[in-house]
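See below for entry_18.csv, which holds CSV, N, CA and C atoms.
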```
chain,number,residue,atom,x,y,z
B,1,MET,N,0.8,-1.2,0.0
B,1,MET,CA,0.0,0.0,0.0
B,1,MET,C,0.9,1.2,0.0
B,2,GLY,N,0.7,2.1,-0.9
B,2,GLY,CA,1.4,3.4,-1.0
B,2,GLY,C,2.7,3.3,-1.9
B,3,GLY,N,3.1,2.1,-2.2
B,3,GLY,CA,4.2,1.9,-3.1
B,3,GLY,C,3.8,2.0,-4.6
B,4,ILE,N,4.8,2.3,-5.4
B,4,ILE,CA,4.6,2.4,-6.8
B,4,ILE,C,5.1,1.1,-7.4
B,5,GLY,N,4.2,0.3,-8.0
B,5,GLY,CA,4.6,-0.9,-8.7
B,5,GLY,C,4.9,-0.8,-10.1
B,6,MET,N,5.2,-1.9,-10.8
B,6,MET,CA,5.5,-1.9,-12.2
B,6,MET,C,4.4,-1.4,-13.1
B,7,ARG,N,3.1,-1.8,-12.7
B,7,ARG,CA,2.0,-1.4,-13.5
B,7,ARG,C,1.8,0.1,-13.4
B,8,GLU,N,2.0,0.7,-12.3
B,8,GLU,CA,1.8,2.2,-12.2
B,8,GLU,C,2.9,2.9,-12.9
B,9,LEU,N,4.1,2.4,-12.9
B,9,LEU,CA,5.2,3.0,-13.7
B,9,LEU,C,4.9,3.0,-15.2
B,10,ILE,N,4.4,1.9,-15.7
B,10,ILE,CA,4.1,1.8,-17.1
B,10,ILE,C,3.0,2.7,-17.5
B,11,ILE,N,2.0,2.8,-16.6
B,11,ILE,CA,0.9,3.8,-16.9
B,11,ILE,C,1.4,5.2,-16.9
B,12,ILE,N,2.2,5.6,-16.0
B,12,ILE,CA,2.8,6.9,-15.9
B,12,ILE,C,3.6,7.2,-17.2
B,13,LEU,N,4.4,6.2,-17.6
B,13,LEU,CA,5.2,6.4,-18.8
B,13,LEU,C,4.3,6.6,-20.1
B,14,LEU,N,3.3,5.8,-20.2
B,14,LEU,CA,2.4,6.0,-21.3
B,14,LEU,C,1.7,7.3,-21.3
B,15,VAL,N,1.3,7.8,-20.2
B,15,VAL,CA,0.7,9.1,-20.1
B,15,VAL,C,1.7,10.2,-20.5
B,16,VAL,N,2.9,10.1,-20.0
B,16,VAL,CA,3.9,11.1,-20.4
B,16,VAL,C,4.2,11.0,-21.9
B,17,LEU,N,4.2,9.9,-22.5
B,17,LEU,CA,4.4,9.8,-23.9
B,17,LEU,C,3.3,10.4,-24.7
B,18,VAL,N,2.1,10.2,-24.2
B,18,VAL,CA,0.9,10.8,-24.9
B,18,VAL,C,0.9,12.3,-24.8
B,19,VAL,N,1.3,12.8,-23.6
B,19,VAL,CA,1.2,14.3,-23.4
B,19,VAL,C,2.3,15.0,-24.1
B,20,PHE,N,3.6,14.5,-24.0
B,20,PHE,CA,4.7,15.2,-24.6
B,20,PHE,C,5.1,14.7,-26.0
B,21,GLY,N,4.9,13.5,-26.3
B,21,GLY,CA,5.3,13.0,-27.6
B,21,GLY,C,6.7,12.5,-27.6
B,22,THR,N,7.1,11.7,-28.5
B,22,THR,CA,8.4,11.1,-28.5
B,22,THR,C,9.5,12.1,-28.9
B,23,LYS,N,9.2,13.0,-29.9
B,23,LYS,CA,10.1,14.0,-30.3
B,23,LYS,C,10.5,15.0,-29.1
B,24,LYS,N,9.5,15.4,-28.4
B,24,LYS,CA,9.8,16.3,-27.3
B,24,LYS,C,10.6,15.6,-26.2
B,25,LEU,N,10.3,14.3,-25.9
B,25,LEU,CA,11.0,13.6,-24.9
B,25,LEU,C,12.5,13.4,-25.4
B,26,ARG,N,12.7,13.1,-26.7
B,26,ARG,CA,14.0,12.9,-27.2
B,26,ARG,C,14.8,14.2,-27.0
B,27,SER,N,14.2,15.4,-27.3
B,27,SER,CA,15.0,16.6,-27.2
B,27,SER,C,15.2,16.9,-25.7
B,28,ILE,N,14.3,16.6,-24.9
B,28,ILE,CA,14.5,16.8,-23.4
B,28,ILE,C,15.6,15.9,-22.9
B,29,GLY,N,15.7,14.7,-23.4
B,29,GLY,CA,16.7,13.8,-23.0
B,29,GLY,C,18.1,14.2,-23.5
B,30,SER,N,18.2,14.7,-24.7
B,30,SER,CA,19.5,15.2,-25.2
B,30,SER,C,19.9,16.5,-24.5
B,31,ASP,N,19.0,17.4,-24.2
B,31,ASP,CA,19.3,18.6,-23.4
B,31,ASP,C,19.8,18.2,-22.0
B,32,LEU,N,19.1,17.2,-21.4
B,32,LEU,CA,19.5,16.8,-20.1
B,32,LEU,C,20.9,16.2,-20.1
B,33,GLY,N,21.2,15.3,-21.1
B,33,GLY,CA,22.5,14.7,-21.3
B,33,GLY,C,23.6,15.8,-21.5
B,34,GLY,N,23.3,16.8,-22.3
B,34,GLY,CA,24.3,17.9,-22.5
B,34,GLY,C,24.6,18.6,-21.2
B,35,ALA,N,23.5,18.8,-20.4
B,35,ALA,CA,23.7,19.5,-19.1
B,35,ALA,C,24.5,18.7,-18.2
B,36,VAL,N,24.3,17.4,-18.1
B,36,VAL,CA,25.1,16.6,-17.2
B,36,VAL,C,26.6,16.6,-17.7
B,37,LYS,N,26.8,16.5,-19.0
B,37,LYS,CA,28.1,16.5,-19.6
B,37,LYS,C,28.8,17.8,-19.2
B,38,GLY,N,28.2,18.9,-19.4
B,38,GLY,CA,28.7,20.2,-19.0
B,38,GLY,C,29.0,20.3,-17.6
B,39,PHE,N,28.2,19.8,-16.7
B,39,PHE,CA,28.4,19.8,-15.3
B,39,PHE,C,29.6,19.0,-14.9
B,40,LYS,N,29.8,17.8,-15.5
B,40,LYS,CA,31.0,17.0,-15.2
B,40,LYS,C,32.3,17.7,-15.7
B,41,SER,N,32.3,18.3,-16.8
B,41,SER,CA,33.5,19.0,-17.3
B,41,SER,C,33.8,20.2,-16.4
B,42,ALA,N,32.8,20.9,-15.9
B,42,ALA,CA,33.0,22.0,-15.0
B,42,ALA,C,33.5,21.6,-13.7
B,43,MET,N,33.1,20.4,-13.2
B,43,MET,CA,33.6,19.9,-12.0
B,43,MET,C,35.1,19.5,-12.1
B,44,LYS,N,35.5,18.9,-13.3
B,44,LYS,CA,36.9,18.6,-13.5
B,44,LYS,C,37.7,19.8,-13.6
B,45,ASP,N,37.2,20.8,-14.3
B,45,ASP,CA,38.0,22.1,-14.3
B,45,ASP,C,38.1,22.7,-13.0
B,46,GLY,N,37.1,22.7,-12.2
B,46,GLY,CA,37.1,23.3,-10.8
B,46,GLY,C,38.1,22.5,-9.9
B,47,GLU,N,38.2,21.2,-10.1
B,47,GLU,CA,39.1,20.4,-9.3
B,47,GLU,C,40.5,20.7,-9.7
B,48,ALA,N,40.8,20.9,-11.0
B,48,ALA,CA,42.1,21.2,-11.5
B,48,ALA,C,42.6,22.6,-11.0
B,49,GLU,N,41.6,23.6,-11.0
B,49,GLU,CA,42.0,24.9,-10.5
B,49,GLU,C,42.2,24.9,-9.0
B,50,GLY,N,41.4,24.1,-8.3
B,50,GLY,CA,41.6,23.9,-6.8
B,50,GLY,C,43.0,23.3,-6.5
B,51,GLU,N,43.3,22.3,-7.2
B,51,GLU,CA,44.6,21.6,-7.0
B,51,GLU,C,45.8,22.6,-7.3
B,52,GLU,N,45.6,23.4,-8.3
B,52,GLU,CA,46.7,24.3,-8.7
B,52,GLU,C,46.8,25.4,-7.6
B,53,SER,N,45.7,25.9,-7.1
B,53,SER,CA,45.8,26.9,-6.1
B,53,SER,C,46.4,26.4,-4.8
B,54,ALA,N,46.0,25.1,-4.5
B,54,ALA,CA,46.5,24.4,-3.3
B,54,ALA,C,48.1,24.3,-3.4
B,55,LYS,N,48.6,23.9,-4.6
B,55,LYS,CA,50.0,23.8,-4.8
B,55,LYS,C,50.7,25.1,-4.6
B,56,GLN,N,50.1,26.2,-5.1
B,56,GLN,CA,50.7,27.5,-5.0
B,56,GLN,C,50.7,27.9,-3.5
B,57,ILE,N,49.7,27.7,-2.8
B,57,ILE,CA,49.6,28.1,-1.4
B,57,ILE,C,50.6,27.3,-0.6
B,58,LYS,N,50.7,26.0,-0.9
B,58,LYS,CA,51.7,25.1,-0.2
B,58,LYS,C,53.1,25.6,-0.5
B,59,GLN,N,53.4,26.0,-1.7
B,59,GLN,CA,54.7,26.4,-2.1
B,59,GLN,C,55.0,27.8,-1.4
B,60,GLN,N,54.0,28.6,-1.3
B,60,GLN,CA,54.3,29.9,-0.6
B,60,GLN,C,54.5,29.7,0.9
B,61,MET,N,53.8,28.7,1.5
B,61,MET,CA,54.0,28.4,2.9
B,61,MET,C,55.3,27.8,3.2
B,62,THR,N,55.8,26.9,2.4
B,62,THR,CA,57.0,26.2,2.6
B,62,THR,C,58.3,26.8,2.0
B,63,GLY,N,58.1,27.5,0.9
B,63,GLY,CA,59.2,28.0,0.2
B,63,GLY,C,59.7,29.4,0.7
B,64,ASP,N,60.8,29.8,0.3
B,64,ASP,CA,61.3,31.1,0.6
B,64,ASP,C,60.6,32.2,-0.2
B,65,ALA,N,60.5,33.3,0.4
B,65,ALA,CA,59.9,34.4,-0.3
B,65,ALA,C,60.7,34.9,-1.5
B,66,GLU,N,60.2,35.2,-2.6
B,66,GLU,CA,60.9,35.7,-3.7
B,66,GLU,C,60.6,37.2,-3.9
B,67,PHE,N,61.6,38.0,-3.7
B,67,PHE,CA,61.5,39.4,-3.8
B,67,PHE,C,62.3,39.8,-5.1
B,68,PRO,N,61.7,40.8,-5.8
B,68,PRO,CA,62.4,41.2,-7.0
B,68,PRO,C,63.6,42.1,-6.6
B,69,GLU,N,64.8,41.8,-7.2
B,69,GLU,CA,66.0,42.6,-6.9
B,69,GLU,C,65.9,43.9,-7.6
B,70,ASN,N,66.2,45.0,-6.9
B,70,ASN,CA,66.4,46.3,-7.6
B,70,ASN,C,67.9,46.6,-7.7
B,71,LYS,N,68.3,47.6,-8.3
B,71,LYS,CA,69.7,47.9,-8.6
B,71,LYS,C,70.5,48.1,-7.3
B,72,SER,N,69.9,48.7,-6.3
B,72,SER,CA,70.7,49.0,-5.1
B,72,SER,C,71.0,47.7,-4.3
B,73,THR,N,70.1,46.8,-4.2
B,73,THR,CA,70.4,45.5,-3.5
B,73,THR,C,71.3,44.7,-4.4
B,74,ALA,N,71.2,44.7,-5.7
B,74,ALA,CA,72.1,44.0,-6.5
B,74,ALA,C,73.5,44.5,-6.4
B,75,ASN,N,73.7,45.8,-6.3
B,75,ASN,CA,75.0,46.4,-6.1
B,75,ASN,C,75.6,46.1,-4.8
B,76,LYS,N,74.8,46.1,-3.7
B,76,LYS,CA,75.2,45.8,-2.4
B,76,LYS,C,75.7,44.3,-2.3
B,77,SER,N,74.9,43.4,-2.9
B,77,SER,CA,75.3,42.0,-2.8
B,77,SER,C,76.5,41.7,-3.6
B,78,ALA,N,76.7,42.4,-4.7
B,78,ALA,CA,78.0,42.2,-5.5
B,78,ALA,C,79.2,42.8,-4.7
B,79,SER,N,79.0,44.0,-4.1
B,79,SER,CA,80.1,44.5,-3.3
B,79,SER,C,80.4,43.7,-2.1
B,80,ASP,N,79.4,43.1,-1.5
B,80,ASP,CA,79.6,42.2,-0.3
B,80,ASP,C,80.4,41.0,-0.7
B,81,ARG,N,80.2,40.5,-1.9
B,81,ARG,CA,80.9,39.3,-2.4
B,81,ARG,C,82.4,39.6,-2.6
B,82,ASN,N,82.7,40.8,-3.1
B,82,ASN,CA,84.1,41.2,-3.4
B,82,ASN,C,84.9,41.4,-2.1
B,83,VAL,N,84.3,41.6,-1.0
B,83,VAL,CA,85.0,41.9,0.3
B,83,VAL,C,85.6,40.7,0.9
```

Would you write out, as structure tokens, the structure that this file holds?
Amino acid sequence: MGGIGMRELIIILLVVLVVFGTKKLRSIGSDLGGAVKGFKSAMKDGEAEGEESAKQIKQQMTGDAEFPENKSTANKSASDRNV
């Protein structure tokens, strides 16, 4: 009682076919498939971006800071090496 059996599912399918028609159902199916495919590719892209940013953050946390050298620090370090 209250469960949907095989007979009820077949009746529902027949009513949907009569109301929408096979062409409309085919186009809905292809649209739904395209949406799922797009969602999966977006998830893969998002995971790749997340992994890349995680690598950058990890490198920043463990690596030395990289500062651009200007002329005054380059000259000082060169003169310090000569001493």

*Record the distance separating atom N of Leu13 (chain B) and atom N of Leu25 (chain B), expressed in Å with one decimal.*
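So the two atoms, atom N of Leu13 (chain B) and atom N of Leu25 (chain B), lie 13.0 Å apart.
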
*Can you tell me how far CA of Gly50 (chain B) sits from atom N of Val36 (chain B), in Å to one decimal?*
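So the answer is 21.7 Å.
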
*How far is it from atom N of Gly21 (chain B) to atom C of Leu9 (chain B), in Å with one decimal?*
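Going from atom N of Gly21 (chain B) over to atom C of Leu9 (chain B) covers 15.3 Å.
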
What are the centre and edge lengths in Å, to one decimal, of the axis-aligned box around all listed atoms of region 26-29 of chain B with 6 Å added on each side, as JSON?
```
{"center_x": 15.4, "center_y": 14.9, "center_z": -25.1, "size_x": 17.4, "size_y": 16.0, "size_z": 16.4}
```

Would you fill out region 2-14 of chain B with N, CA, C and O atoms and return it as a JSON list (two decimals), in the coordinates of the input?
```json
[["chain", "number", "residue", "atom", "x", "y", "z"],
["B", 2, "GLY", "N", 0.70, 2.10, -0.90],
["B", 2, "GLY", "CA", 1.40, 3.40, -1.00],
["B", 2, "GLY", "C", 2.70, 3.30, -1.90],
["B", 2, "GLY", "O", 3.25, 4.27, -2.21],
["B", 3, "GLY", "N", 3.10, 2.10, -2.20],
["B", 3, "GLY", "CA", 4.20, 1.90, -3.10],
["B", 3, "GLY", "C", 3.80, 2.00, -4.60],
["B", 3, "GLY", "O", 2.71, 1.71, -4.93],
["B", 4, "ILE", "N", 4.80, 2.30, -5.40],
["B", 4, "ILE", "CA", 4.60, 2.40, -6.80],
["B", 4, "ILE", "C", 5.10, 1.10, -7.40],
["B", 4, "ILE", "O", 6.28, 0.80, -7.33],
["B", 5, "GLY", "N", 4.20, 0.30, -8.00],
["B", 5, "GLY", "CA", 4.60, -0.90, -8.70],
["B", 5, "GLY", "C", 4.90, -0.80, -10.10],
["B", 5, "GLY", "O", 4.94, 0.35, -10.69],
["B", 6, "MET", "N", 5.20, -1.90, -10.80],
["B", 6, "MET", "CA", 5.50, -1.90, -12.20],
["B", 6, "MET", "C", 4.40, -1.40, -13.10],
["B", 6, "MET", "O", 4.56, -0.67, -14.00],
["B", 7, "ARG", "N", 3.10, -1.80, -12.70],
["B", 7, "ARG", "CA", 2.00, -1.40, -13.50],
["B", 7, "ARG", "C", 1.80, 0.10, -13.40],
["B", 7, "ARG", "O", 1.55, 0.77, -14.48],
["B", 8, "GLU", "N", 2.00, 0.70, -12.30],
["B", 8, "GLU", "CA", 1.80, 2.20, -12.20],
["B", 8, "GLU", "C", 2.90, 2.90, -12.90],
["B", 8, "GLU", "O", 2.63, 3.94, -13.59],
["B", 9, "LEU", "N", 4.10, 2.40, -12.90],
["B", 9, "LEU", "CA", 5.20, 3.00, -13.70],
["B", 9, "LEU", "C", 4.90, 3.00, -15.20],
["B", 9, "LEU", "O", 5.19, 3.97, -15.91],
["B", 10, "ILE", "N", 4.40, 1.90, -15.70],
["B", 10, "ILE", "CA", 4.10, 1.80, -17.10],
["B", 10, "ILE", "C", 3.00, 2.70, -17.50],
["B", 10, "ILE", "O", 3.03, 3.39, -18.52],
["B", 11, "ILE", "N", 2.00, 2.80, -16.60],
["B", 11, "ILE", "CA", 0.90, 3.80, -16.90],
["B", 11, "ILE", "C", 1.40, 5.20, -16.90],
["B", 11, "ILE", "O", 1.02, 5.99, -17.82],
["B", 12, "ILE", "N", 2.20, 5.60, -16.00],
["B", 12, "ILE", "CA", 2.80, 6.90, -15.90],
["B", 12, "ILE", "C", 3.60, 7.20, -17.20],
["B", 12, "ILE", "O", 3.53, 8.25, -17.80],
["B", 13, "LEU", "N", 4.40, 6.20, -17.60],
["B", 13, "LEU", "CA", 5.20, 6.40, -18.80],
["B", 13, "LEU", "C", 4.30, 6.60, -20.10],
["B", 13, "LEU", "O", 4.64, 7.42, -20.91],
["B", 14, "LEU", "N", 3.30, 5.80, -20.20],
["B", 14, "LEU", "CA", 2.40, 6.00, -21.30],
["B", 14, "LEU", "C", 1.70, 7.30, -21.30],
["B", 14, "LEU", "O", 1.55, 7.96, -22.38]]
```
